[in-house]
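Note: the block below is final.txt and it holds compact mmCIF, C-alpha atoms.
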# COMPACT_ATOMS: atom_id res chain seq x y z
CA GLN W 27 25.71 -15.32 -11.77
CA LYS W 28 22.53 -13.31 -12.26
CA GLU W 29 20.48 -12.57 -9.16
CA VAL W 30 17.33 -14.03 -10.69
CA GLU W 31 17.22 -16.43 -13.62
CA GLN W 32 14.07 -17.30 -15.50
CA ASP W 33 13.86 -19.36 -18.67
CA PRO W 34 12.41 -17.02 -21.32
CA GLY W 35 10.80 -19.87 -23.24
CA PRO W 36 8.78 -19.70 -25.35
CA LEU W 37 6.74 -22.47 -23.81
CA SER W 38 3.90 -23.97 -25.84
CA VAL W 39 1.43 -26.45 -24.32
CA PRO W 40 -1.94 -27.95 -25.27
CA GLU W 41 -5.08 -26.83 -23.48
CA GLY W 42 -5.59 -28.74 -20.25
CA ALA W 43 -1.89 -29.34 -19.62
CA ILE W 44 -0.17 -28.64 -16.33
CA VAL W 45 2.33 -25.82 -16.76
CA SER W 46 5.42 -25.39 -14.63
CA LEU W 47 7.23 -22.05 -14.59
CA ASN W 48 10.40 -21.58 -12.59
CA CYS W 49 12.92 -19.08 -11.30
CA THR W 50 16.18 -19.56 -9.49
CA TYR W 51 17.93 -16.92 -7.44
CA SER W 52 21.27 -16.43 -5.79
CA ASN W 53 20.63 -13.86 -3.05
CA SER W 54 19.44 -15.48 0.17
CA ALA W 55 18.20 -12.07 1.41
CA PHE W 56 15.10 -12.42 -0.76
CA GLN W 57 12.18 -13.12 1.53
CA TYR W 58 9.07 -12.33 -0.53
CA PHE W 59 8.18 -13.97 -3.80
CA MET W 60 5.66 -12.89 -6.40
CA TRP W 61 4.37 -14.12 -9.73
CA TYR W 62 2.88 -11.79 -12.30
CA ARG W 63 1.03 -12.39 -15.54
CA GLN W 64 1.38 -9.87 -18.32
CA TYR W 65 -0.71 -9.91 -21.46
CA SER W 66 0.67 -8.26 -24.56
CA ARG W 67 0.44 -4.46 -24.36
CA LYS W 68 -0.97 -4.56 -20.82
CA GLY W 69 0.43 -3.88 -17.37
CA PRO W 70 1.41 -6.86 -15.20
CA GLU W 71 -1.15 -8.49 -12.94
CA LEU W 72 -0.17 -9.86 -9.54
CA LEU W 73 -1.10 -13.54 -9.36
CA MET W 74 0.60 -14.83 -6.22
CA TYR W 75 2.45 -13.29 -3.28
CA THR W 76 4.16 -15.50 -0.74
CA TYR W 77 6.85 -15.14 1.89
CA SER W 78 7.48 -18.61 3.20
CA SER W 79 8.76 -21.89 1.92
CA GLY W 80 6.09 -24.33 0.86
CA ASN W 81 3.04 -24.15 -1.34
CA LYS W 82 0.33 -21.55 -1.75
CA GLU W 83 -2.72 -22.34 -3.82
CA ASP W 84 -5.22 -20.02 -5.49
CA GLY W 85 -7.66 -21.66 -7.85
CA ARG W 86 -5.72 -23.24 -10.70
CA PHE W 87 -2.47 -21.61 -9.61
CA THR W 88 0.02 -22.97 -7.07
CA ALA W 89 3.15 -21.11 -6.04
CA GLN W 90 5.96 -23.13 -4.56
CA VAL W 91 8.99 -21.74 -2.74
CA ASP W 92 12.09 -23.69 -1.76
CA LYS W 93 14.39 -21.27 0.04
CA SER W 94 17.02 -23.91 0.72
CA SER W 95 17.44 -24.49 -3.00
CA LYS W 96 16.69 -20.86 -3.92
CA TYR W 97 14.06 -22.06 -6.36
CA ILE W 98 10.51 -20.87 -6.91
CA SER W 99 7.81 -22.28 -9.16
CA LEU W 100 4.37 -21.45 -10.43
CA PHE W 101 2.13 -24.32 -11.49
CA ILE W 102 -0.96 -23.80 -13.63
CA ARG W 103 -3.44 -26.67 -13.68
CA ASP W 104 -5.92 -27.26 -16.48
CA SER W 105 -4.30 -24.52 -18.56
CA GLN W 106 -6.57 -22.46 -20.81
CA PRO W 107 -5.88 -20.43 -23.97
CA SER W 108 -6.61 -17.34 -21.84
CA ASP W 109 -3.51 -18.20 -19.78
CA SER W 110 -1.35 -17.36 -22.80
CA ALA W 111 0.83 -14.50 -21.57
CA THR W 112 4.26 -13.69 -20.22
CA TYR W 113 4.82 -14.78 -16.62
CA LEU W 114 7.32 -12.93 -14.47
CA CYS W 115 8.70 -13.87 -11.10
CA ALA W 116 9.72 -11.14 -8.65
CA LEU W 117 11.74 -11.35 -5.48
CA GLU W 118 11.94 -8.84 -2.68
CA ASN W 119 14.12 -8.61 0.38
CA SER W 120 12.87 -7.52 3.78
CA GLY W 121 13.48 -3.85 3.14
CA GLY W 122 15.54 -1.30 4.98
CA SER W 123 18.29 0.76 3.48
CA ASN W 124 19.31 -2.09 1.16
CA TYR W 125 15.84 -2.65 -0.27
CA LYS W 126 15.84 -4.74 -3.39
CA LEU W 127 13.05 -5.83 -5.71
CA THR W 128 14.19 -7.84 -8.72
CA PHE W 129 12.18 -9.31 -11.57
CA GLY W 130 12.90 -12.27 -13.78
CA LYS W 131 12.95 -11.61 -17.51
CA GLY W 132 9.67 -13.48 -17.97
CA THR W 133 8.56 -16.71 -19.65
CA LEU W 134 6.29 -16.47 -22.69
CA LEU W 135 3.56 -19.11 -22.45
CA THR W 136 1.19 -20.14 -25.23
CA VAL W 137 -1.68 -22.51 -24.50
CA ASN W 138 -3.03 -24.01 -27.71
CA PRO W 139 -6.74 -24.91 -27.98
CA LYS I 18 -14.04 1.04 -8.73
CA ALA I 19 -11.74 2.86 -11.15
CA GLY I 20 -8.38 1.26 -11.88
CA VAL I 21 -4.95 2.81 -11.86
CA THR I 22 -4.71 5.53 -14.47
CA GLN I 23 -1.57 6.89 -16.08
CA THR I 24 -1.18 9.97 -18.21
CA PRO I 25 -0.11 10.50 -20.86
CA ARG I 26 -0.27 7.09 -22.51
CA TYR I 27 2.29 7.97 -25.18
CA LEU I 28 5.02 10.56 -25.24
CA ILE I 29 7.78 11.48 -27.66
CA LYS I 30 10.68 13.60 -26.44
CA THR I 31 14.18 14.47 -27.64
CA ARG I 32 17.46 13.92 -25.86
CA GLY I 33 18.18 16.45 -23.14
CA GLN I 34 14.55 17.28 -22.47
CA GLN I 35 12.74 16.40 -19.29
CA VAL I 36 9.44 14.62 -18.83
CA THR I 37 6.82 14.26 -16.11
CA LEU I 38 4.51 11.27 -15.93
CA SER I 39 1.42 11.04 -13.75
CA CYS I 40 -0.22 8.16 -11.91
CA SER I 41 -3.55 8.11 -10.09
CA PRO I 42 -3.90 5.10 -7.78
CA ILE I 43 -6.98 3.15 -6.85
CA SER I 44 -9.02 4.95 -4.23
CA GLY I 45 -7.84 4.01 -0.76
CA HIS I 46 -4.39 2.85 -1.89
CA ARG I 47 -1.65 4.92 -0.29
CA SER I 48 1.32 3.18 -1.85
CA VAL I 49 2.39 3.96 -5.41
CA SER I 50 5.41 2.39 -7.07
CA TRP I 51 7.03 3.02 -10.43
CA TYR I 52 8.73 0.64 -12.85
CA GLN I 53 10.59 0.80 -16.13
CA GLN I 54 10.12 -1.97 -18.68
CA THR I 55 12.35 -2.43 -21.72
CA PRO I 56 12.93 -5.42 -24.02
CA GLY I 57 16.57 -5.62 -22.99
CA GLN I 58 16.43 -5.11 -19.23
CA GLY I 59 12.91 -6.34 -18.55
CA LEU I 60 10.90 -4.92 -15.68
CA GLN I 61 12.88 -2.86 -13.19
CA PHE I 62 11.76 -1.19 -9.98
CA LEU I 63 12.29 2.57 -9.79
CA PHE I 64 10.83 3.69 -6.46
CA GLU I 65 7.89 3.46 -4.11
CA TYR I 66 6.01 6.22 -2.34
CA PHE I 67 3.78 5.87 0.70
CA SER I 68 1.96 8.74 2.35
CA GLU I 69 3.99 11.32 0.39
CA THR I 70 7.34 9.80 1.42
CA GLN I 71 9.72 7.75 -0.68
CA ARG I 72 9.81 4.40 1.06
CA ASN I 73 12.02 2.36 -1.26
CA LYS I 74 14.28 3.09 -4.18
CA GLY I 75 15.74 1.02 -6.98
CA ASN I 76 19.09 1.36 -8.65
CA PHE I 77 18.50 4.23 -11.06
CA PRO I 78 20.44 7.48 -11.48
CA GLY I 79 19.32 10.68 -9.81
CA ARG I 80 17.82 11.90 -13.10
CA PHE I 81 14.83 9.78 -12.14
CA SER I 82 12.79 11.29 -9.36
CA GLY I 83 9.27 11.19 -8.08
CA ARG I 84 6.85 12.59 -5.63
CA GLN I 85 3.49 11.82 -4.14
CA PHE I 86 0.73 14.22 -3.24
CA SER I 87 -1.65 14.21 -0.30
CA ASN I 88 -4.35 12.56 -2.44
CA SER I 89 -1.88 9.72 -3.19
CA ARG I 90 -1.48 10.72 -6.83
CA SER I 91 2.12 10.41 -7.89
CA GLU I 92 4.37 11.93 -10.51
CA MET I 93 7.63 10.68 -11.91
CA ASN I 94 10.15 13.01 -13.51
CA VAL I 95 13.08 12.17 -15.75
CA SER I 96 15.50 14.98 -16.47
CA THR I 97 18.09 15.22 -19.23
CA LEU I 98 16.57 12.41 -21.23
CA GLU I 99 18.83 9.86 -22.90
CA LEU I 100 18.00 7.50 -25.76
CA GLY I 101 18.16 4.60 -23.31
CA ASP I 102 15.28 6.06 -21.33
CA SER I 103 12.89 4.95 -24.06
CA ALA I 104 10.68 2.46 -22.29
CA LEU I 105 7.26 1.64 -20.95
CA TYR I 106 6.86 3.28 -17.56
CA LEU I 107 4.40 1.53 -15.30
CA CYS I 108 2.98 2.55 -12.00
CA ALA I 109 1.17 0.36 -9.52
CA SER I 110 -0.86 1.08 -6.45
CA SER I 111 -1.00 -1.35 -3.56
CA LEU I 112 -2.65 -2.01 -0.25
CA ARG I 113 -1.61 -4.28 2.56
CA LEU I 114 -4.54 -5.12 4.85
CA ALA I 115 -4.92 -7.91 7.39
CA GLY I 116 -1.94 -9.73 5.95
CA VAL I 117 -3.28 -9.61 2.42
CA TYR I 118 -1.33 -7.74 -0.23
CA THR I 119 -3.10 -6.44 -3.32
CA GLN I 120 -1.45 -4.57 -6.15
CA TYR I 121 -2.74 -3.21 -9.42
CA PHE I 122 -0.77 -1.85 -12.34
CA GLY I 123 -1.76 0.91 -14.68
CA PRO I 124 -1.58 0.56 -18.46
CA GLY I 125 1.74 2.40 -18.62
CA THR I 126 3.17 5.39 -20.43
CA ARG I 127 5.17 4.59 -23.55
CA LEU I 128 8.07 7.07 -23.70
CA THR I 129 10.12 7.40 -26.86
CA VAL I 130 13.29 9.50 -26.75
CA LEU I 131 14.63 10.62 -30.14
As structure tokens, how would this structure be written, given the file I've shared?
Amino acid sequence: QKEVEQDPGPLSVPEGAIVSLNCTYSNSAFQYFMWYRQYSRKGPELLMYTYSSGNKEDGRFTAQVDKSSKYISLFIRDSQPSDSATYLCALENSGGSNYKLTFGKGTLLTVNP
Amino acid sequence: KAGVTQTPRYLIKTRGQQVTLSCSPISGHRSVSWYQQTPGQGLQFLFEYFSETQRNKGNFPGRFSGRQFSNSRSEMNVSTLELGDSALYLCASSLRLAGVYTQYFGPGTRLTVL
């Protein structure tokens, strides 16, 4: 079983739709959870950073973490064509000598006008 | 405020050579981390430097090394290049202040090993 699994898509939605992006993980040592957006030929951009179970909201974006199920989600409300990008989840443990930071393979999202 | 800059943007090397990549972080950011991105393996963490010390390290062979200078600029070195080292190398600078974490990536250096 891979440490982090993320559906690569592609995912295509109409403008205005609610988008749900997900990652599952197997290592319970992961304590910090991030979502990145990466446009083609650009570096990633940190969207959300959270370290607890529950929801965190920032504008149209909501990150959800369920540690008991080892499942994290990113919701995008009122999606826009400018949201078309690859979205990557990233998981980090609490550090120390066994530090681990692992990325999902990314989900390619297209929002159609 | 200037963003994260990486030089060079593109590089072509041959197997067995070594390469040094440079990263200048955002002013005031003391943490610099490096990543390798390939189509097959995706984005992978290489290492992180903070105040000239390596703070965290990913699972890469010793051919990959780095350092950070007193002005927070960082360099990454890959020795004895292999074809599989062809990738986009990204650096990011970050700041953790009052419980808020901010991180910015540079545009990357595209390395091709022939």
Proximal residues of chain W relative to chain I (all atoms listed in the file; 12 Å) as a PyMOL selection string: chain W and resi 30+32+34+58-77+112-133
Those selected residues, please, written with C-alpha atoms and delivered as a tab-separated table (two decimals), in the frame of the given file.
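The new file out-v8.tsv reads:
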chain	number	residue	atom	x	y	z
W	30	VAL	CA	17.33	-14.03	-10.69
W	32	GLN	CA	14.07	-17.30	-15.50
W	34	PRO	CA	12.41	-17.02	-21.32
W	58	TYR	CA	9.07	-12.33	-0.53
W	59	PHE	CA	8.18	-13.97	-3.80
W	60	MET	CA	5.66	-12.89	-6.40
W	61	TRP	CA	4.37	-14.12	-9.73
W	62	TYR	CA	2.88	-11.79	-12.30
W	63	ARG	CA	1.03	-12.39	-15.54
W	64	GLN	CA	1.38	-9.87	-18.32
W	65	TYR	CA	-0.71	-9.91	-21.46
W	66	SER	CA	0.67	-8.26	-24.56
W	67	ARG	CA	0.44	-4.46	-24.36
W	68	LYS	CA	-0.97	-4.56	-20.82
W	69	GLY	CA	0.43	-3.88	-17.37
W	70	PRO	CA	1.41	-6.86	-15.20
W	71	GLU	CA	-1.15	-8.49	-12.94
W	72	LEU	CA	-0.17	-9.86	-9.54
W	73	LEU	CA	-1.10	-13.54	-9.36
W	74	MET	CA	0.60	-14.83	-6.22
W	75	TYR	CA	2.45	-13.29	-3.28
W	76	THR	CA	4.16	-15.50	-0.74
W	77	TYR	CA	6.85	-15.14	1.89
W	112	THR	CA	4.26	-13.69	-20.22
W	113	TYR	CA	4.82	-14.78	-16.62
W	114	LEU	CA	7.32	-12.93	-14.47
W	115	CYS	CA	8.70	-13.87	-11.10
W	116	ALA	CA	9.72	-11.14	-8.65
W	117	LEU	CA	11.74	-11.35	-5.48
W	118	GLU	CA	11.94	-8.84	-2.68
W	119	ASN	CA	14.12	-8.61	0.38
W	120	SER	CA	12.87	-7.52	3.78
W	121	GLY	CA	13.48	-3.85	3.14
W	122	GLY	CA	15.54	-1.30	4.98
W	123	SER	CA	18.29	0.76	3.48
W	124	ASN	CA	19.31	-2.09	1.16
W	125	TYR	CA	15.84	-2.65	-0.27
W	126	LYS	CA	15.84	-4.74	-3.39
W	127	LEU	CA	13.05	-5.83	-5.71
W	128	THR	CA	14.19	-7.84	-8.72
W	129	PHE	CA	12.18	-9.31	-11.57
W	130	GLY	CA	12.90	-12.27	-13.78
W	131	LYS	CA	12.95	-11.61	-17.51
W	132	GLY	CA	9.67	-13.48	-17.97
W	133	THR	CA	8.56	-16.71	-19.65
Around all the atoms of region 70-83 of chain W listed in the file, with 3 Å of room on each side, what axis-aligned box do you get, giving centre and edge lengths in Å to one decimal, as JSON?
{"center_x": 3.0, "center_y": -15.6, "center_z": -6.0, "size_x": 17.5, "size_y": 23.5, "size_z": 24.4}
From I:Arg127, I:Arg84, I:Arg26, I:Arg90, residue lying nearest Ser110 (chain I) [only C-alpha atoms]: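 So, comparing all the options, the nearest one is I:Arg90.
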For a test of reading the model, state the distance in Å between CA of Asn48 (chain W) and CA of Asp102 (chain I), rounded to one decimal. 29.4 Å
Distance in Å - CA of Pro78 (chain I) versus CA of Ile43 (chain I):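 Taking CA of Pro78 (chain I) as the start and CA of Ile43 (chain I) as the end point, the length is 28.1 Å.
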Need to verify the contact set: region 88-93 of chain W, 7 Å, all atoms listed in the file, exclusion of same-chain residues closer than 6 positions in sequence. Can you return it as a PyMOL selection string? chain W and resi 74+78-82+99-102
Write out as a compact mmCIF listing (two decimals) with C-alpha atoms, in the frame of the given file each polymer residue whose atoms come within 9 Å of Ser68 (chain I), counting all atoms listed in the file; drop sequence neighbours fewer than 5 positions from it.
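And here is the file that came out, out.txt:
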# COMPACT_ATOMS: atom_id res chain seq x y z
CA ARG I 47 -1.65 4.92 -0.29
CA SER I 48 1.32 3.18 -1.85
CA GLN I 85 3.49 11.82 -4.14
CA PHE I 86 0.73 14.22 -3.24
CA SER I 87 -1.65 14.21 -0.30
CA ASN I 88 -4.35 12.56 -2.44
CA SER I 89 -1.88 9.72 -3.19
